[in-house]
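Listing of structure_4.txt; format and content: compact mmCIF, C-alpha atoms and all ligand atoms.
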# COMPACT_ATOMS: atom_id res chain seq x y z
CA MET A 845 21.74 15.61 -14.25
CA ASP A 846 23.30 12.88 -12.12
CA LYS A 847 21.11 13.34 -9.10
CA LEU A 848 18.23 10.91 -8.83
CA ILE A 849 15.12 12.17 -7.10
CA TYR A 850 13.23 9.06 -6.13
CA LEU A 851 9.54 9.77 -5.60
CA ASP A 852 8.14 6.28 -6.02
CA ASN A 853 8.27 5.00 -2.45
CA ALA A 854 4.79 3.47 -2.76
CA ALA A 855 6.24 1.11 -5.39
CA THR A 856 9.26 0.20 -3.31
CA THR A 857 11.76 1.79 -0.93
CA SER A 858 15.52 1.63 -0.55
CA LEU A 859 16.92 -0.96 1.84
CA GLY A 860 17.77 0.68 5.15
CA GLN A 861 21.35 0.62 6.41
CA GLU A 862 20.42 -1.12 9.68
CA ALA A 863 18.50 -3.81 7.83
CA LEU A 864 21.37 -4.38 5.40
CA GLU A 865 23.94 -4.70 8.18
CA GLU A 866 21.85 -7.11 10.21
CA MET A 867 21.13 -9.24 7.14
CA MET A 868 24.75 -9.62 6.01
CA PRO A 869 25.85 -12.42 8.40
CA TYR A 870 22.81 -14.48 7.37
CA LEU A 871 23.65 -14.12 3.70
CA LYS A 872 27.17 -15.36 4.30
CA GLU A 873 28.61 -17.12 7.34
CA ASN A 874 25.40 -18.11 9.08
CA TYR A 875 23.60 -19.88 6.26
CA SER A 876 22.00 -22.51 8.50
CA ASN A 877 18.42 -23.71 8.22
CA PRO A 878 16.80 -22.43 11.42
CA SER A 879 14.69 -25.58 11.66
CA SER A 880 17.79 -27.74 12.20
CA VAL A 881 18.72 -28.94 15.69
CA TYR A 882 22.49 -28.33 15.94
CA GLY A 883 23.95 -25.31 17.66
CA PHE A 884 24.99 -23.69 14.36
CA ALA A 885 21.28 -23.25 13.47
CA GLN A 886 20.26 -21.76 16.80
CA LYS A 887 21.46 -18.25 16.08
CA GLY A 888 19.30 -18.05 12.94
CA LYS A 889 16.34 -19.48 14.81
CA LYS A 890 16.71 -16.88 17.54
CA ALA A 891 17.04 -14.11 14.94
CA VAL A 892 13.77 -15.22 13.30
CA GLU A 893 11.97 -15.23 16.64
CA ASP A 894 13.42 -11.85 17.61
CA ALA A 895 12.11 -10.33 14.37
CA ARG A 896 8.70 -11.86 15.00
CA GLY A 897 8.69 -10.28 18.45
CA VAL A 898 9.55 -6.84 17.10
CA ILE A 899 6.70 -7.02 14.56
CA ALA A 900 4.20 -8.29 17.13
CA ALA A 901 5.10 -5.47 19.52
CA ALA A 902 4.66 -2.90 16.73
CA LEU A 903 1.06 -4.06 16.21
CA GLY A 904 0.06 -4.82 19.79
CA ALA A 905 -0.12 -8.52 18.83
CA LYS A 906 1.28 -11.73 20.31
CA ASP A 907 4.43 -13.21 18.78
CA ARG A 908 2.61 -16.37 17.73
CA GLU A 909 0.07 -14.32 15.75
CA ILE A 910 2.74 -13.21 13.23
CA TYR A 911 3.35 -15.51 10.22
CA PHE A 912 6.15 -14.75 7.77
CA THR A 913 5.24 -14.85 4.07
CA GLY A 914 6.82 -13.97 0.73
CA GLY A 915 5.36 -10.43 0.77
CA GLY A 916 2.18 -8.40 0.58
CA SER A 917 0.59 -10.22 -2.36
CA GLU A 918 1.03 -13.60 -0.70
CA SER A 919 -0.38 -12.32 2.58
CA ASP A 920 -3.46 -10.93 0.81
CA ASN A 921 -3.97 -14.15 -1.14
CA TRP A 922 -3.58 -16.25 1.98
CA ALA A 923 -5.99 -14.16 4.04
CA LEU A 924 -8.74 -14.23 1.40
CA LYS A 925 -8.36 -17.75 0.00
CA GLY A 926 -7.60 -19.18 3.45
CA VAL A 927 -10.71 -17.75 5.10
CA ALA A 928 -12.86 -18.52 2.06
CA ALA A 929 -11.85 -22.19 2.18
CA ALA A 930 -12.08 -22.53 5.94
CA LEU A 931 -15.49 -20.90 6.31
CA GLN A 932 -17.26 -22.05 3.13
CA ASP A 933 -19.75 -24.05 5.16
CA LYS A 934 -20.76 -20.90 7.00
CA GLY A 935 -21.14 -18.81 3.86
CA LYS A 936 -19.58 -17.65 0.62
CA HIS A 937 -20.00 -13.87 0.74
CA ILE A 938 -17.07 -11.45 0.97
CA ILE A 939 -17.14 -7.66 1.25
CA THR A 940 -14.34 -5.51 -0.12
CA SER A 941 -13.95 -2.13 -1.85
CA LYS A 942 -13.43 -0.99 -5.43
CA ILE A 943 -10.08 0.60 -4.63
CA GLU A 944 -8.19 -2.38 -3.22
CA HIS A 945 -4.81 -3.43 -4.55
CA HIS A 946 -4.95 -6.02 -7.34
CA ALA A 947 -3.59 -8.61 -4.88
CA VAL A 948 -7.01 -8.38 -3.19
CA LEU A 949 -9.19 -7.60 -6.23
CA HIS A 950 -7.82 -10.34 -8.46
CA THR A 951 -8.01 -12.83 -5.59
CA CYS A 952 -11.67 -11.86 -5.18
CA GLY A 953 -12.16 -12.42 -8.92
CA TYR A 954 -10.61 -15.87 -8.57
CA LEU A 955 -12.92 -16.66 -5.64
CA GLU A 956 -15.95 -15.51 -7.65
CA ARG A 957 -14.99 -18.04 -10.32
CA GLN A 958 -14.94 -20.64 -7.52
CA GLY A 959 -18.53 -19.84 -6.58
CA TYR A 960 -18.06 -17.13 -3.96
CA GLU A 961 -19.97 -13.85 -4.06
CA VAL A 962 -18.14 -10.57 -3.61
CA THR A 963 -19.58 -7.13 -2.85
CA TYR A 964 -17.29 -4.35 -4.10
CA LEU A 965 -18.16 -1.24 -2.12
CA ASP A 966 -18.08 2.19 -3.72
CA VAL A 967 -15.93 4.90 -2.19
CA ASP A 968 -16.64 8.63 -1.97
CA GLU A 969 -14.88 11.27 -4.09
CA ASN A 970 -11.89 11.20 -1.72
CA GLY A 971 -11.61 7.43 -1.74
CA LEU A 972 -13.17 6.82 1.67
CA VAL A 973 -15.11 3.63 2.39
CA SER A 974 -18.16 4.26 4.56
CA PRO A 975 -18.45 2.04 7.67
CA GLU A 976 -22.25 2.36 7.32
CA ALA A 977 -22.05 0.94 3.79
CA VAL A 978 -19.95 -1.93 5.11
CA GLU A 979 -22.57 -2.62 7.77
CA ALA A 980 -25.46 -2.41 5.29
CA SER A 981 -23.85 -5.00 3.02
CA ILE A 982 -23.33 -7.63 5.73
CA ARG A 983 -25.51 -10.73 5.19
CA PRO A 984 -25.98 -13.92 7.20
CA ASP A 985 -23.56 -15.67 4.81
CA THR A 986 -20.83 -12.98 4.97
CA ILE A 987 -17.56 -14.59 6.05
CA LEU A 988 -15.00 -11.83 5.51
CA ILE A 989 -14.61 -8.07 5.18
CA SER A 990 -11.39 -6.93 3.50
CA ILE A 991 -10.73 -3.19 3.39
CA MET A 992 -7.27 -1.73 2.86
CA PHE A 993 -5.73 0.42 5.62
CA ALA A 994 -4.44 3.05 3.21
CA ASN A 995 -4.63 3.27 -0.55
CA ASN A 996 -1.42 2.87 -2.54
CA GLU A 997 -2.39 5.29 -5.31
CA ILE A 998 -4.20 8.20 -3.69
CA GLY A 999 -2.95 7.76 -0.11
CA THR A 1000 -6.39 7.85 1.51
CA ILE A 1001 -6.43 6.33 5.02
CA GLU A 1002 -9.61 4.37 5.63
CA PRO A 1003 -11.68 4.51 8.85
CA ILE A 1004 -10.29 1.13 9.90
CA GLU A 1005 -11.22 1.30 13.58
CA LYS A 1006 -14.88 2.03 12.73
CA ILE A 1007 -15.01 -0.72 10.10
CA GLY A 1008 -13.37 -3.11 12.56
CA GLU A 1009 -15.96 -2.21 15.14
CA VAL A 1010 -18.76 -3.01 12.64
CA ALA A 1011 -17.14 -6.34 11.71
CA SER A 1012 -16.65 -7.32 15.33
CA ARG A 1013 -20.23 -6.40 16.28
CA HIS A 1014 -21.53 -8.64 13.47
CA LYS A 1015 -18.95 -11.36 14.23
CA VAL A 1016 -17.52 -11.25 10.70
CA LEU A 1017 -13.75 -11.61 10.22
CA PHE A 1018 -11.95 -8.40 9.25
CA HIS A 1019 -8.82 -8.38 7.07
CA THR A 1020 -6.91 -5.25 6.16
CA ASP A 1021 -4.20 -4.84 3.53
CA ALA A 1022 -1.89 -2.57 5.53
CA VAL A 1023 1.01 -2.76 3.09
CA GLN A 1024 1.11 1.03 2.61
CA ALA A 1025 0.32 1.85 6.22
CA PHE A 1026 2.44 -0.47 8.36
CA GLY A 1027 5.68 1.19 9.39
CA HIS A 1028 4.33 4.60 8.37
CA ILE A 1029 1.34 5.25 10.63
CA PRO A 1030 0.34 3.73 14.00
CA ILE A 1031 -1.65 0.47 13.96
CA ASP A 1032 -3.11 -1.36 16.94
CA VAL A 1033 -4.81 -4.62 15.95
CA GLU A 1034 -6.59 -4.97 19.29
CA LYS A 1035 -8.04 -1.48 19.41
CA MET A 1036 -8.97 -1.56 15.71
CA HIS A 1037 -10.62 -5.02 15.87
CA ILE A 1038 -8.39 -6.41 13.12
CA ASP A 1039 -8.39 -10.21 12.67
CA LEU A 1040 -5.98 -10.44 9.74
CA LEU A 1041 -3.43 -7.89 8.51
CA SER A 1042 -1.04 -7.98 5.54
CA ALA A 1043 2.27 -6.12 5.38
CA SER A 1044 5.39 -6.18 3.21
CA GLY A 1045 9.03 -5.41 4.05
CA HIS A 1046 10.03 -3.51 0.94
CA LYS A 1047 7.43 -0.76 1.49
CA PHE A 1048 9.23 0.50 4.62
CA HIS A 1049 12.95 0.08 3.85
CA GLY A 1050 13.07 -3.66 4.42
CA PRO A 1051 14.05 -6.24 1.79
CA LYS A 1052 11.83 -7.42 -1.06
CA GLY A 1053 10.12 -10.81 -1.06
CA ILE A 1054 9.38 -10.89 2.66
CA GLY A 1055 6.20 -9.90 4.46
CA PHE A 1056 3.87 -11.22 7.08
CA LEU A 1057 0.28 -11.98 7.82
CA TYR A 1058 -1.05 -11.23 11.29
CA ILE A 1059 -3.61 -13.88 12.17
CA LYS A 1060 -5.45 -13.29 15.41
CA ASP A 1061 -5.50 -16.23 17.78
CA GLY A 1062 -8.43 -18.51 17.04
CA VAL A 1063 -9.03 -17.35 13.44
CA LYS A 1064 -9.54 -20.34 11.16
CA LEU A 1065 -7.98 -20.30 7.72
CA ASP A 1066 -6.61 -22.93 5.37
CA SER A 1067 -2.94 -23.00 4.48
CA LEU A 1068 -1.83 -21.56 1.17
CA ILE A 1069 1.58 -23.25 1.04
CA HIS A 1070 1.69 -26.88 2.15
CA GLY A 1071 4.89 -28.66 3.14
CA GLY A 1072 7.05 -28.57 6.25
CA ALA A 1073 6.13 -27.56 9.76
CA GLN A 1074 7.41 -23.99 9.61
CA GLU A 1075 5.22 -21.16 10.93
CA ARG A 1076 3.17 -23.43 13.18
CA SER A 1077 2.55 -25.70 10.16
CA ARG A 1078 0.45 -22.98 8.53
CA ARG A 1079 2.98 -21.65 6.00
CA ALA A 1080 5.55 -24.18 4.85
CA GLY A 1081 8.96 -23.47 3.39
CA THR A 1082 12.46 -22.94 4.74
CA HIS A 1083 12.61 -19.59 6.49
CA ASN A 1084 14.03 -16.71 4.51
CA VAL A 1085 16.35 -15.86 7.39
CA PRO A 1086 18.12 -12.82 5.85
CA GLY A 1087 14.73 -11.45 4.75
CA ILE A 1088 13.15 -12.01 8.15
CA VAL A 1089 16.11 -10.42 9.94
CA GLY A 1090 15.91 -7.51 7.48
CA ILE A 1091 12.19 -6.92 7.94
CA GLY A 1092 12.67 -7.08 11.72
CA ALA A 1093 15.38 -4.42 11.62
CA ALA A 1094 13.30 -2.29 9.25
CA VAL A 1095 10.29 -2.47 11.57
CA GLN A 1096 12.39 -1.49 14.56
CA SER A 1097 13.78 1.51 12.78
CA ALA A 1098 10.42 2.50 11.22
CA ILE A 1099 8.71 2.44 14.60
CA GLN A 1100 11.45 4.50 16.23
CA LYS A 1101 11.35 7.15 13.52
CA MET A 1102 7.64 6.99 12.71
CA GLN A 1103 6.44 10.18 14.29
CA ALA A 1104 9.40 12.31 13.23
CA ASN A 1105 9.28 10.98 9.67
CA ALA A 1106 5.54 11.47 9.40
CA GLU A 1107 5.80 15.08 10.54
CA LYS A 1108 8.67 15.80 8.18
CA GLU A 1109 7.02 14.16 5.18
CA THR A 1110 3.63 15.71 5.86
CA ALA A 1111 5.16 19.19 5.91
CA ILE A 1112 6.92 18.67 2.56
CA ARG A 1113 3.86 16.92 1.09
CA ASP A 1114 1.58 19.81 1.99
CA TYR A 1115 4.08 22.37 0.78
CA ALA A 1116 4.30 20.60 -2.59
CA ILE A 1117 0.53 20.12 -2.93
CA ASP A 1118 -0.15 23.78 -2.15
CA ARG A 1119 2.51 24.99 -4.58
CA ILE A 1120 1.32 22.77 -7.43
CA LEU A 1121 -2.37 23.61 -6.99
CA LYS A 1122 -1.54 27.30 -6.82
CA GLU A 1123 0.97 27.47 -9.66
CA VAL A 1124 -0.33 24.94 -12.19
CA PRO A 1125 -3.72 25.69 -13.76
CA TYR A 1126 -6.30 22.89 -14.14
CA ALA A 1127 -4.64 20.65 -11.55
CA ARG A 1128 -6.65 18.62 -9.05
CA LEU A 1129 -5.60 16.74 -5.91
CA ASN A 1130 -6.78 13.14 -5.72
CA GLY A 1131 -7.45 11.55 -2.34
CA ASP A 1132 -8.44 13.01 1.00
CA ARG A 1133 -6.66 16.20 2.03
CA THR A 1134 -6.15 15.18 5.68
CA GLU A 1135 -6.94 11.44 5.96
CA ARG A 1136 -3.86 10.87 3.86
CA LEU A 1137 -0.57 8.99 4.08
CA PRO A 1138 2.20 11.42 5.07
CA ASN A 1139 4.17 10.69 1.91
CA ASN A 1140 1.51 10.64 -0.81
CA ILE A 1141 0.88 13.25 -3.50
CA ASN A 1142 -1.48 12.36 -6.36
CA ILE A 1143 -2.50 15.07 -8.79
CA CYS A 1144 -4.36 15.14 -12.09
CA PHE A 1145 -3.31 17.60 -14.78
CA ARG A 1146 -6.02 18.11 -17.35
CA PHE A 1147 -5.14 17.77 -21.07
CA ILE A 1148 -2.06 15.72 -20.25
CA GLU A 1149 -1.10 12.06 -20.54
CA GLY A 1150 0.46 10.81 -17.32
CA GLU A 1151 2.82 8.59 -19.30
CA SER A 1152 4.27 11.49 -21.34
CA MET A 1153 4.84 13.36 -18.14
CA LEU A 1154 6.65 10.43 -16.55
CA ILE A 1155 9.03 10.15 -19.49
CA MET A 1156 9.85 13.86 -19.36
CA LEU A 1157 10.33 13.76 -15.58
CA ASP A 1158 12.62 10.77 -16.02
CA GLN A 1159 14.79 12.84 -18.38
CA LYS A 1160 15.21 15.25 -15.47
CA GLY A 1161 16.24 12.48 -13.07
CA ILE A 1162 12.86 12.27 -11.34
CA CYS A 1163 11.23 8.89 -10.65
CA ALA A 1164 7.46 9.10 -10.22
CA SER A 1165 4.46 7.07 -11.22
CA SER A 1166 1.21 7.61 -13.06
CA GLY A 1167 -2.25 6.37 -12.32
CA SER A 1168 -2.81 4.76 -15.66
CA ALA A 1169 -1.81 1.21 -16.23
CA CYS A 1170 -0.28 1.83 -19.68
CA THR A 1171 3.04 0.53 -18.45
CA SER A 1172 1.47 -2.83 -17.75
CA GLY A 1173 0.22 -3.06 -21.31
CA SER A 1174 -3.31 -1.84 -20.72
CA LEU A 1175 -4.72 1.51 -21.73
CA ASP A 1176 -7.25 1.56 -18.93
CA PRO A 1177 -6.82 4.29 -16.38
CA SER A 1178 -6.46 3.28 -12.76
CA HIS A 1179 -9.45 1.55 -11.15
CA VAL A 1180 -8.89 3.74 -8.11
CA LEU A 1181 -9.18 7.02 -10.00
CA LEU A 1182 -12.29 5.76 -11.80
CA ALA A 1183 -13.79 4.68 -8.46
CA ILE A 1184 -13.42 8.19 -7.03
CA GLY A 1185 -15.42 9.41 -10.02
CA LEU A 1186 -12.82 10.84 -12.38
CA PRO A 1187 -13.70 10.66 -16.07
CA HIS A 1188 -11.30 8.57 -18.19
CA GLU A 1189 -9.59 11.52 -19.87
CA ILE A 1190 -8.76 13.18 -16.55
CA ALA A 1191 -7.71 9.95 -14.84
CA HIS A 1192 -5.16 9.49 -17.64
CA GLY A 1193 -3.36 12.67 -16.63
CA SER A 1194 -2.49 11.68 -13.10
CA LEU A 1195 0.87 11.80 -11.40
CA ARG A 1196 1.73 10.04 -8.14
CA MET A 1197 4.74 11.14 -6.13
CA THR A 1198 5.50 9.26 -2.92
CA LEU A 1199 8.17 10.73 -0.68
CA SER A 1200 10.58 9.22 1.81
CA GLU A 1201 12.21 10.77 4.85
CA GLU A 1202 15.14 11.63 2.59
CA THR A 1203 13.06 13.87 0.32
CA THR A 1204 13.92 17.52 0.88
CA LYS A 1205 12.08 20.75 0.19
CA GLU A 1206 14.84 21.61 -2.31
CA ASP A 1207 14.14 18.35 -4.15
CA MET A 1208 10.46 19.23 -4.32
CA ASP A 1209 11.16 22.76 -5.55
CA TYR A 1210 13.18 21.28 -8.41
CA VAL A 1211 10.41 18.75 -9.11
CA ILE A 1212 7.66 21.37 -9.07
CA ASP A 1213 9.60 23.67 -11.37
CA SER A 1214 10.10 20.73 -13.71
CA ILE A 1215 6.39 19.83 -13.58
CA LYS A 1216 5.46 23.41 -14.48
CA GLN A 1217 7.72 23.37 -17.54
CA ILE A 1218 6.55 19.93 -18.63
CA VAL A 1219 2.85 20.71 -18.21
CA GLU A 1220 3.23 23.90 -20.19
CA ARG A 1221 5.16 22.14 -22.94
CA LEU A 1222 2.73 19.21 -23.22
CA ARG A 1223 -0.31 21.49 -23.18
CA SER A 1224 1.20 23.65 -25.90
CA MET A 1225 1.20 20.53 -28.10
CA SER A 1226 -2.31 19.43 -27.15
CA PRO A 1227 -5.16 20.13 -29.59
CA LEU A 1228 -7.62 19.47 -26.76
CA TYR A 1229 -6.07 22.20 -24.67
CA GLU A 1230 -6.06 24.58 -27.63
CA ASP A 1231 -9.77 23.94 -28.22
CA PHE A 1232 -10.46 24.42 -24.54
CA VAL A 1233 -8.62 27.74 -24.38
CA ARG A 1234 -10.30 28.95 -27.57
CA SER A 1235 -13.80 28.04 -26.36
CA ASN A 1236 -13.08 29.75 -23.04
CA GLN A 1237 -12.14 32.92 -24.83
CA GLN A 1238 -15.43 33.14 -26.71
C1 LIG A 1301 2.85 -3.18 -2.79
C2 LIG A 1301 1.50 -3.54 -2.33
C3 LIG A 1301 1.07 -4.88 -2.27
C4 LIG A 1301 1.94 -6.01 -2.75
O1 LIG A 1301 3.03 -6.23 -1.92
P1 LIG A 1301 4.27 -7.11 -2.47
O2 LIG A 1301 5.14 -7.30 -1.28
O3 LIG A 1301 4.93 -6.28 -3.52
O4 LIG A 1301 3.71 -8.39 -2.98
C5 LIG A 1301 -0.19 -5.15 -1.78
N1 LIG A 1301 -1.00 -4.17 -1.36
C6 LIG A 1301 -0.64 -2.87 -1.40
C7 LIG A 1301 -1.58 -1.83 -0.89
C8 LIG A 1301 0.62 -2.52 -1.89
O5 LIG A 1301 0.96 -1.22 -1.93

Step by step, read the file and then write its structure as structure tokens.
Ligand SMILES: *Cc1c(COP(=O)(O)O)cnc(C)c1O
Amino acid sequence: MDKLIYLDNAATTSLGQEALEEMMPYLKENYSNPSSVYGFAQKGKKAVEDARGVIAAALGAKDREIYFTGGGSESDNWALKGVAAALQDKGKHIITSKIEHHAVLHTCGYLERQGYEVTYLDVDENGLVSPEAVEASIRPDTILISIMFANNEIGTIEPIEKIGEVASRHKVLFHTDAVQAFGHIPIDVEKMHIDLLSASGHKFHGPKGIGFLYIKDGVKLDSLIHGGAQERSRRAGTHNVPGIVGIGAAVQSAIQKMQANAEKETAIRDYAIDRILKEVPYARLNGDRTERLPNNINICFRFIEGESMLIMLDQKGICASSGSACTSGSLDPSHVLLAIGLPHEIAHGSLRMTLSEETTKEDMDYVIDSIKQIVERLRSMSPLYEDFVRSNQQ
């Protein structure tokens, strides 16, 4: 088996050809610091500003509202810590959800240790945050609402426009972690009342270690990185010119291909989900059936450990991911799967497959056939499954 079937595009994506080609000159001959004054640095400076323009246009934002960062985690940290520090005299209450990425949740935990109060909203069985629940939890001292655009594990797309409307009506700042959404589904910061938005290059075929934070004009937040005058003195550090050029090229190409890719991926996603649910007994789809990222499949197989499944898929050249955090040294199942109400033992048997535009129906047929064999094999070794079958026969 030399073919690799890569179904972990929520973890990272391949670098696009256009991005690679545009980055190359800035990794080699044009190594200048774009903040320098001589002519040699001007090309890099222009390339940085061009990339900023492409990103702004993709969001319906102004160029000066885009700030380059070191990726999604930094953007999330900056949005939360920056607003918390800047608005602490107004209040110390933040609203978020239980299914956010750890870059948001662990930042909230840090802020709680600093004396802030955080409301972690429940989600429904499909992972949806209710705009009414957001509204009900707003207090006079609420300074920020942070709800992710789309979930990285179960693919659920949140009602961002409605939540933004609530935030704007109550004059509370609204941040969204759009790392899984940006470049994949349409976003309009104006229409959706978004004040702050995080995105990351490597989740849509750009390079790793580069992202941005959209900060709406007039929004106050403290700097996270102090130093030079880059990024309007709000985020110091010599520009990562190759990274910025790469993310710009990746955005351009993602926007151009967005609709076609989404249609293609959705068709293969739905084909795979239908086949698995029909052909594998005791399987359950996690996440909303329709309010779902085009490339996300997340399924629980009862009586099975996600980790064992991943190892056996790997032996067949298939890269996927599981919902449990065993790989990171913890035996706890995913906080997202627990938040949608799955019991521990079922949450442990989850499999996430995230497609790209390169994923074919033939790939998925091979993957599904492999899953069927693996599930059967693992269940045949499971005493729990044996007990279950026996008790069902009585
Ligand atoms: C990947 C991811 C992040 C972190 O982005 P990095 O660029 O890897 O730091 C944050 N939020 C979500 C939803 C993600 O999927």

Counting all atoms listed in the file, which residues of chain A sit at most 8 Å from some atom of ligand LIG 1301 (chain A), and what is each one's closest atom pair with its distance in Å to one decimal, listed by chain and rising residue number, as a Markdown table?
| residue | atom | partner | partner_atom | distance |
| --- | --- | --- | --- | --- |
| A:Ala854 | CA | A:LIG1301 | O5 | 6.1 |
| A:Ala855 | CA | A:LIG1301 | C1 | 6.1 |
| A:Thr856 | CA | A:LIG1301 | C1 | 7.3 |
| A:Gly914 | CA | A:LIG1301 | O2 | 7.2 |
| A:Gly915 | CA | A:LIG1301 | O2 | 3.7 |
| A:Gly916 | CA | A:LIG1301 | O1 | 3.4 |
| A:Ser917 | CA | A:LIG1301 | O4 | 3.7 |
| A:Glu918 | CA | A:LIG1301 | O4 | 6.3 |
| A:Ser919 | CA | A:LIG1301 | O4 | 7.9 |
| A:Asp920 | CA | A:LIG1301 | C5 | 7.1 |
| A:Glu944 | CA | A:LIG1301 | C7 | 7.0 |
| A:His945 | CA | A:LIG1301 | N1 | 5.0 |
| A:His946 | CA | A:LIG1301 | C5 | 7.4 |
| A:Ala947 | CA | A:LIG1301 | C5 | 5.8 |
| A:Val948 | CA | A:LIG1301 | N1 | 7.6 |
| A:Met992 | CA | A:LIG1301 | C7 | 6.8 |
| A:Ala994 | CA | A:LIG1301 | C7 | 7.0 |
| A:Asn995 | CA | A:LIG1301 | C7 | 6.0 |
| A:Asn996 | CA | A:LIG1301 | O5 | 4.8 |
| A:Asp1021 | CA | A:LIG1301 | N1 | 5.9 |
| A:Ala1022 | CA | A:LIG1301 | C7 | 6.5 |
| A:Val1023 | CA | A:LIG1301 | C6 | 4.8 |
| A:Gln1024 | CA | A:LIG1301 | O5 | 5.1 |
| A:Ser1042 | CA | A:LIG1301 | N1 | 7.9 |
| A:Ala1043 | CA | A:LIG1301 | O1 | 7.3 |
| A:Ser1044 | CA | A:LIG1301 | O2 | 4.6 |
| A:Gly1045 | CA | A:LIG1301 | O2 | 6.9 |
| A:His1046 | CA | A:LIG1301 | O2 | 6.6 |
| A:Lys1047 | CA | A:LIG1301 | C1 | 6.7 |
| A:Lys1052 | CA | A:LIG1301 | O2 | 6.7 |
| A:Gly1053 | CA | A:LIG1301 | O2 | 6.1 |
| A:Ile1054 | CA | A:LIG1301 | O2 | 6.8 |
| A:Gly1055 | CA | A:LIG1301 | O2 | 6.4 |

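The residue that comes closest to Ala929 in chain A, out of A:Pro975, A:Gly959, A:Pro1187, A:Gly1027 and on the basis of all atoms listed in the file, is A:Gly959.
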
- Query: Looking at A:Asn1130, A:Gln1103, A:Thr1198, A:Gln932, which one is nearest to Gly1185 in chain A, with distances taken over only C-alpha atoms?
  - Reply: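 Under the stated criterion, the closest residue is A:Asn1130.
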
- Is there a way to get, as a ChimeraX atom specification, all residues within 12 Å of the point (-10.3, -19.0, -6.9) in file coordinates, counting all atoms listed in the file? /A:921-922,924-926,928-929,948-962,1068

Name all residues at most 6 Å from range 1056-1066 of chain A (count only C-alpha atoms; drop same-chain ones fewer than 3 positions away) and give them as an mmCIF file with C-alpha atoms, keeping the file's coordinate frame.
data_model
loop_
_atom_site.group_PDB
_atom_site.id
_atom_site.type_symbol
_atom_site.label_atom_id
_atom_site.label_comp_id
_atom_site.auth_asym_id
_atom_site.auth_seq_id
_atom_site.Cartn_x
_atom_site.Cartn_y
_atom_site.Cartn_z
ATOM 1 C CA GLU A 909 0.070 -14.320 15.750
ATOM 2 C CA ILE A 910 2.740 -13.210 13.230
ATOM 3 C CA TYR A 911 3.350 -15.510 10.220
ATOM 4 C CA PHE A 912 6.150 -14.750 7.770
ATOM 5 C CA THR A 913 5.240 -14.850 4.070
ATOM 6 C CA SER A 919 -0.380 -12.320 2.580
ATOM 7 C CA GLY A 926 -7.600 -19.180 3.450
ATOM 8 C CA VAL A 927 -10.710 -17.750 5.100
ATOM 9 C CA ALA A 930 -12.080 -22.530 5.940
ATOM 10 C CA ASP A 1039 -8.390 -10.210 12.670
ATOM 11 C CA LEU A 1040 -5.980 -10.440 9.740
ATOM 12 C CA LEU A 1041 -3.430 -7.890 8.510
ATOM 13 C CA SER A 1042 -1.040 -7.980 5.540
ATOM 14 C CA ALA A 1043 2.270 -6.120 5.380
#

- Please indicate the distance in Å from CA of Val973 in chain A to CA of Glu1002 in chain A, rounded to one decimal place.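 If I compute the distance from CA of Val973 in chain A to CA of Glu1002 in chain A, I get 6.4 Å.
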
Give me, as a Markdown table, each residue of range 927-1037 of chain A that comes within 9 Å of range 879-903 of chain A, together with its shortest interatomic pair and the distance in Å at one decimal, counting all atoms listed in the file, with rows ordered by chain and rising residue number.
| residue | atom | partner | partner_atom | distance |
| --- | --- | --- | --- | --- |
| A:Phe1026 | CA | A:Leu903 | CA | 8.7 |
| A:Gly1027 | CA | A:Ala902 | CA | 8.5 |
| A:Pro1030 | CA | A:Leu903 | CA | 8.1 |
| A:Ile1031 | CA | A:Leu903 | CA | 5.7 |
| A:Asp1032 | CA | A:Leu903 | CA | 5.0 |
| A:Val1033 | CA | A:Leu903 | CA | 5.9 |
| A:Glu1034 | CA | A:Leu903 | CA | 8.3 |

- Quick one: pull the distance between CA of Val967 in chain A and CA of Ile1112 in chain A, Å, one decimal. 27.1 Å

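Around Gly1081 in chain A, within 10 Å and counting only C-alpha atoms, the residues found are Thr913, Ile1069, His1070, Gly1071, Gly1072, Ala1073, Gln1074 and Glu1075 of chain A, once anything fewer than 6 positions away on its own chain is removed.
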